[in-house]
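Novice: Handing over start-v1.cif, mmCIF, C-alpha atoms.
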data_model
loop_
_atom_site.label_atom_id
_atom_site.label_comp_id
_atom_site.auth_asym_id
_atom_site.auth_seq_id
_atom_site.Cartn_x
_atom_site.Cartn_y
_atom_site.Cartn_z
CA MET P 228 137.45 -129.23 -1.03
CA GLY P 229 135.07 -132.18 -0.74
CA LEU P 230 135.63 -135.90 -0.80
CA ARG P 231 138.05 -137.08 -3.48
CA PRO P 232 136.85 -139.71 -5.98
CA GLY P 233 137.11 -143.37 -4.98
CA ARG P 234 139.38 -144.19 -7.94
CA ILE P 235 142.20 -142.35 -6.16
CA VAL P 236 142.37 -144.86 -3.31
CA ARG P 237 140.97 -148.13 -4.70
CA GLU P 238 144.27 -149.70 -5.79
CA ILE P 239 146.45 -151.31 -3.09
CA LYS P 240 149.84 -149.74 -3.81
CA LYS P 241 151.31 -148.49 -0.56
CA PRO P 242 152.13 -150.16 2.76
CA ALA P 243 149.40 -150.11 5.36
CA TRP P 244 149.46 -147.35 7.99
CA ALA P 245 146.99 -148.48 10.58
CA ARG P 246 148.77 -148.37 13.93
CA PHE P 247 146.69 -146.44 16.42
CA SER P 248 147.10 -147.12 20.12
CA LYS P 249 144.86 -145.73 22.86
CA LYS P 250 147.06 -147.10 25.64
CA LYS P 251 150.39 -145.85 24.25
CA PRO P 252 149.65 -142.87 22.00
CA ARG P 253 153.34 -142.10 21.46
CA LYS P 254 153.73 -145.48 19.72
CA SER P 255 151.05 -144.60 17.16
CA TYR P 256 151.88 -143.92 13.54
CA VAL P 257 148.48 -142.26 13.30
CA LYS P 258 148.06 -139.56 15.95
CA SER P 259 144.35 -138.96 15.41
CA MET P 260 142.07 -141.52 13.77
CA PRO P 261 139.62 -140.25 11.13
CA HIS P 262 135.90 -140.63 11.80
CA ASN P 263 134.47 -144.09 11.06
CA ALA P 264 131.34 -144.15 8.87
CA ILE P 265 130.42 -147.74 9.78
CA GLN P 266 128.30 -147.94 12.92
CA VAL P 267 126.29 -151.15 12.42
CA THR P 268 127.82 -154.49 11.39
CA THR P 269 125.00 -156.98 12.01
CA MET P 270 121.39 -156.65 10.85
CA GLY P 271 118.25 -158.76 10.88
CA VAL P 272 117.41 -161.56 13.31
CA GLN P 273 120.63 -163.04 14.62
CA SER P 274 119.12 -165.88 16.66
CA GLY P 275 116.88 -167.31 13.92
CA TYR P 276 116.99 -170.69 12.17
CA TYR P 277 118.69 -170.59 8.76
CA THR P 278 119.84 -173.31 6.37
CA VAL P 279 121.59 -171.32 3.61
CA ARG P 280 124.52 -168.93 3.80
CA VAL P 281 125.11 -166.51 0.92
CA ASP P 282 128.45 -164.65 0.71
CA LEU P 283 129.57 -161.68 -1.36
CA VAL P 284 133.24 -162.41 -2.11
CA ALA P 285 135.91 -160.14 -3.64
CA THR P 286 137.57 -161.53 -6.76
CA ARG P 287 140.49 -159.10 -7.08
CA PRO P 288 142.50 -156.88 -4.71
CA ILE P 289 140.61 -153.71 -3.86
CA GLN P 290 140.63 -151.00 -1.23
CA ALA P 291 137.17 -149.63 -0.38
CA ARG P 292 136.55 -146.50 1.63
CA ASP P 293 134.33 -146.67 4.69
CA ASN P 294 131.62 -144.48 3.16
CA SER P 295 131.24 -146.82 0.16
CA ILE P 296 131.14 -149.84 2.49
CA GLU P 297 128.41 -148.14 4.54
CA ALA P 298 126.44 -147.28 1.37
CA ALA P 299 126.63 -150.91 0.19
CA ARG P 300 125.53 -152.18 3.60
CA GLN P 301 122.57 -149.80 3.70
CA ALA P 302 121.48 -150.68 0.15
CA ALA P 303 121.50 -154.42 0.87
CA ASN P 304 119.80 -154.10 4.25
CA LYS P 305 117.10 -151.74 2.96
CA TYR P 306 116.15 -154.16 0.19
CA LEU P 307 116.12 -157.22 2.47
CA GLU P 308 114.08 -155.39 5.12
CA ALA P 309 111.48 -154.45 2.51
CA LYS P 310 111.25 -157.91 0.89
CA MET P 311 111.64 -160.27 3.85
CA PRO P 312 111.45 -158.51 7.23
CA GLY P 313 112.60 -160.68 10.14
CA ARG P 314 113.65 -163.63 7.94
CA TYR P 315 117.36 -162.93 7.47
CA HIS P 316 120.63 -162.29 9.27
CA LEU P 317 123.05 -160.04 7.37
CA PHE P 318 126.47 -159.06 8.66
CA LEU P 319 129.47 -157.16 7.42
CA ARG P 320 132.72 -159.14 7.42
CA VAL P 321 135.27 -156.36 6.72
CA PHE P 322 136.26 -153.36 8.81
CA PRO P 323 138.13 -150.24 7.65
CA HIS P 324 141.42 -150.37 9.56
CA HIS P 325 143.60 -148.83 6.86
CA VAL P 326 144.17 -145.08 7.21
CA ILE P 327 144.18 -143.02 4.02
CA ARG P 328 146.48 -140.01 4.00
CA GLU P 329 146.20 -137.09 1.65
CA ILE P 330 147.99 -133.83 1.11
CA LYS P 331 145.74 -130.79 1.19
CA MET P 332 146.62 -128.74 -1.85
CA ALA P 333 145.60 -125.33 -3.04
CA LEU P 334 143.63 -125.43 -6.27
CA GLY P 335 142.87 -122.77 -8.82
CA ALA P 336 144.77 -119.98 -10.51
CA GLY P 337 148.14 -119.16 -8.97
CA ALA P 338 148.29 -122.30 -6.83
CA ASP P 339 151.65 -123.23 -8.32
CA ARG P 340 153.19 -120.10 -6.77
CA ILE P 341 151.84 -120.96 -3.29
CA GLN P 342 153.00 -124.57 -2.98
CA GLN P 343 156.34 -125.91 -4.01
CA GLY P 344 157.83 -129.36 -3.67
CA MET P 345 156.29 -132.77 -3.10
CA ALA P 346 159.39 -134.85 -2.34
CA HIS P 347 158.69 -137.42 0.40
CA ALA P 348 155.27 -135.96 1.05
CA TRP P 349 153.42 -137.69 3.89
CA GLY P 350 149.98 -136.12 4.24
CA ARG P 351 147.43 -136.11 7.04
CA PRO P 352 144.93 -138.84 7.93
CA SER P 353 141.75 -138.05 6.02
CA ASP P 354 139.71 -141.25 5.78
CA ARG P 355 139.59 -145.00 6.48
CA ALA P 356 139.49 -147.94 4.10
CA ALA P 357 139.21 -151.71 4.17
CA ARG P 358 141.64 -153.80 2.14
CA MET P 359 140.14 -156.83 0.44
CA TYR P 360 142.06 -159.51 -1.42
CA PRO P 361 140.71 -162.30 -3.67
CA GLY P 362 138.60 -164.60 -1.52
CA THR P 363 137.79 -162.01 1.15
CA ILE P 364 134.15 -162.27 2.22
CA PHE P 365 132.54 -158.83 2.23
CA LEU P 366 128.94 -159.57 3.30
CA THR P 367 127.30 -162.72 4.64
CA ALA P 368 123.57 -163.38 4.77
CA ARG P 369 121.85 -166.32 6.40
CA VAL P 370 118.41 -167.18 5.05
CA MET P 371 116.09 -170.03 4.13
CA PRO P 372 116.24 -171.50 0.55
CA PRO P 373 113.21 -169.62 -0.91
CA ASP P 374 114.76 -166.25 0.04
CA VAL P 375 118.09 -166.69 -1.79
CA ILE P 376 116.82 -164.78 -4.86
CA HIS P 377 116.13 -161.73 -2.67
CA VAL P 378 119.64 -161.88 -1.22
CA LYS P 379 121.16 -162.04 -4.71
CA GLU P 380 119.24 -158.92 -5.72
CA ALA P 381 120.33 -157.17 -2.51
CA TYR P 382 123.96 -158.06 -3.28
CA ARG P 383 123.57 -156.74 -6.83
CA ARG P 384 122.45 -153.41 -5.36
CA ALA P 385 125.34 -153.44 -2.89
CA LYS P 386 127.89 -154.14 -5.67
CA ASN P 387 126.74 -150.98 -7.45
CA LYS P 388 128.03 -148.94 -4.50
CA LEU P 389 131.49 -150.57 -4.49
CA SER P 390 134.42 -150.53 -6.85
CA GLY P 391 136.02 -153.84 -7.81
CA SER P 392 134.52 -157.14 -8.86
CA TYR P 393 132.66 -159.56 -6.61
CA THR P 394 131.02 -162.96 -6.88
CA ILE P 395 128.16 -164.54 -4.95
CA LYS P 396 128.68 -167.92 -3.26
CA THR P 397 125.86 -170.00 -1.78
CA ILE P 398 126.66 -172.56 0.92
CA GLU P 399 124.30 -175.02 2.60
CA GLU P 400 124.70 -174.72 6.37
CA THR P 401 122.31 -174.99 9.29
CA VAL P 402 122.48 -172.32 11.99
CA GLY P 403 120.25 -172.05 15.05
CA LYS P 404 117.58 -174.29 16.46
CA PRO P 405 114.66 -175.31 14.28
CA PRO P 406 111.29 -173.87 15.30
CA VAL P 407 109.25 -176.11 17.60
CA GLU P 408 106.01 -177.36 16.06
CA GLU P 409 103.05 -177.72 18.36
#
Before anything else, please render the file you have as structure tokens.
Specialist:
Amino acid sequence: MGLRPGRIVREIKKPAWARFSKKKPRKSYVKSMPHNAIQVTTMGVQSGYYTVRVDLVATRPIQARDNSIEAARQAANKYLEAKMPGRYHLFLRVFPHHVIREIKMALGAGADRIQQGMAHAWGRPSDRAARMYPGTIFLTARVMPPDVIHVKEAYRRAKNKLSGSYTIKTIEETVGKPPVEE
């Protein structure tokens, strides 16, 4: 069986099961952590001079799996790298700490005779997710004022990869040292 649809895990209904300890493994709720799809959290030129910050902010509670977060990050970064290489700093503000558990079930004809009973079913760790509440910043980009339209288009492409609703907030802030004119 492949990856289950995102609609199965997007609602925040259950308590979080995220305790994983490397130092004291017996204290862990989760004995083995699922693979993390997110490898890169900051992109672009970090030490540049920027005057505008553009945030992608969640407007309702949502739980997003790590593979959808990675797809949104890649979509935004690919667009920004094509339109304005070296003139932005984009970074991911959420991390998938929440462990998703699922019960492997037999499917097909006769499956009802193989498996019986689901009372107090627990399941095995299968994936990771990030929980976002209203006001949680998902992505942040730092750019100069003429490049804000490119960031908004990159965020539109990133929103297509995620479930839930998001809004874009633009904030005037100066980061870094201005370039020296000779």
Novice: Asn387 (chain P): which residues within 10 Å, counting all atoms listed in the file, same-chain residues fewer than 4 positions away excluded, as a PyMOL selection string?
Specialist: chain P and resi 295+298-299+302+382-383+391
Novice: Since I can't run it myself right now, could you work out what the PyMOL selection byres ((chain P and resi 305) around 12) selects here and report it as a PyMOL selection string?
Specialist: chain P and resi 270-271+297-304+306-312+317+377-378+380-382+384-385
Novice: Quick one, how far is CA of His262 (chain P) from CA of His325 (chain P)?
Specialist: 12.3 Å
Novice: I need the output of the PyMOL selection byres ((chain P and resi 274) around 10) for this file as a count of residues only; which residues are they?
Specialist: 11
Novice: Find the spatial neighbours of Arg287 (chain P), counting only C-alpha atoms, within a cut-off of 9 Å - ignore same-chain residues fewer than 2 positions away - and output them as a list in words.
Specialist: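 Non-adjacent residues within range: Ala285, Ile289, Met359, Tyr360, Pro361, Gly362, Gly391, Ser392 and Tyr393 of chain P.
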Novice: What is the CA of Leu319 (chain P)-CA of Thr268 (chain P) distance in Å, reported with one decimal?
Specialist: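 So the answer is 5.1 Å.
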Novice: Could you list as number ranges by chain every residue that has an atom within 9 Å of (130.4, -162.6, -0.6), using the file's coordinates and counting only C-alpha atoms?
Specialist: P: 281-285, 362-368, 382, 393-397
Novice: Report as a ChimeraX atom specification all protein, DNA and RNA residues lying within 10 Å of Ser353 (chain P), evaluated on all atoms listed in the file, omitting residues in the same chain fewer than 5 positions from it.
Specialist: /P:230,259-262,326-331
Novice: Find the distance between CA of His324 (chain P) and CA of Lys249 (chain P) and write it in Å to one decimal.
Specialist: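 CA of Lys249 (chain P) lies at a distance of 14.5 Å from CA of His324 (chain P).
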Novice: I'd like the residues picked by the PyMOL selection byres ((chain P and resi 400) around 9) written out as an MDAnalysis selection string, using the chain letters and numbers from the file.
Specialist: chainID P and resid 277:280 369 398:399 401:402
Novice: Quick one: residues within 9 Å of Arg237 (chain P), only C-alpha atoms, excluding same-chain residues fewer than 5 positions away - as a VMD selection string?
Specialist: chain P and resid 288 to 292 356 358 390 to 391
Novice: Which of these residues is nearest to Ile265 (chain P), using only C-alpha atoms: P:Lys386, P:Val375, P:Asp293, P:Gly350?
Specialist: P:Asp293
Novice: Using all atoms listed in the file, which of P:Ser248, P:Asn294, P:Gln266, P:Ile376 sits nearest Pro232 (chain P)?
Specialist: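 Nearest candidate to Pro232 (chain P) out of P:Ser248, P:Asn294, P:Gln266, P:Ile376: P:Asn294.
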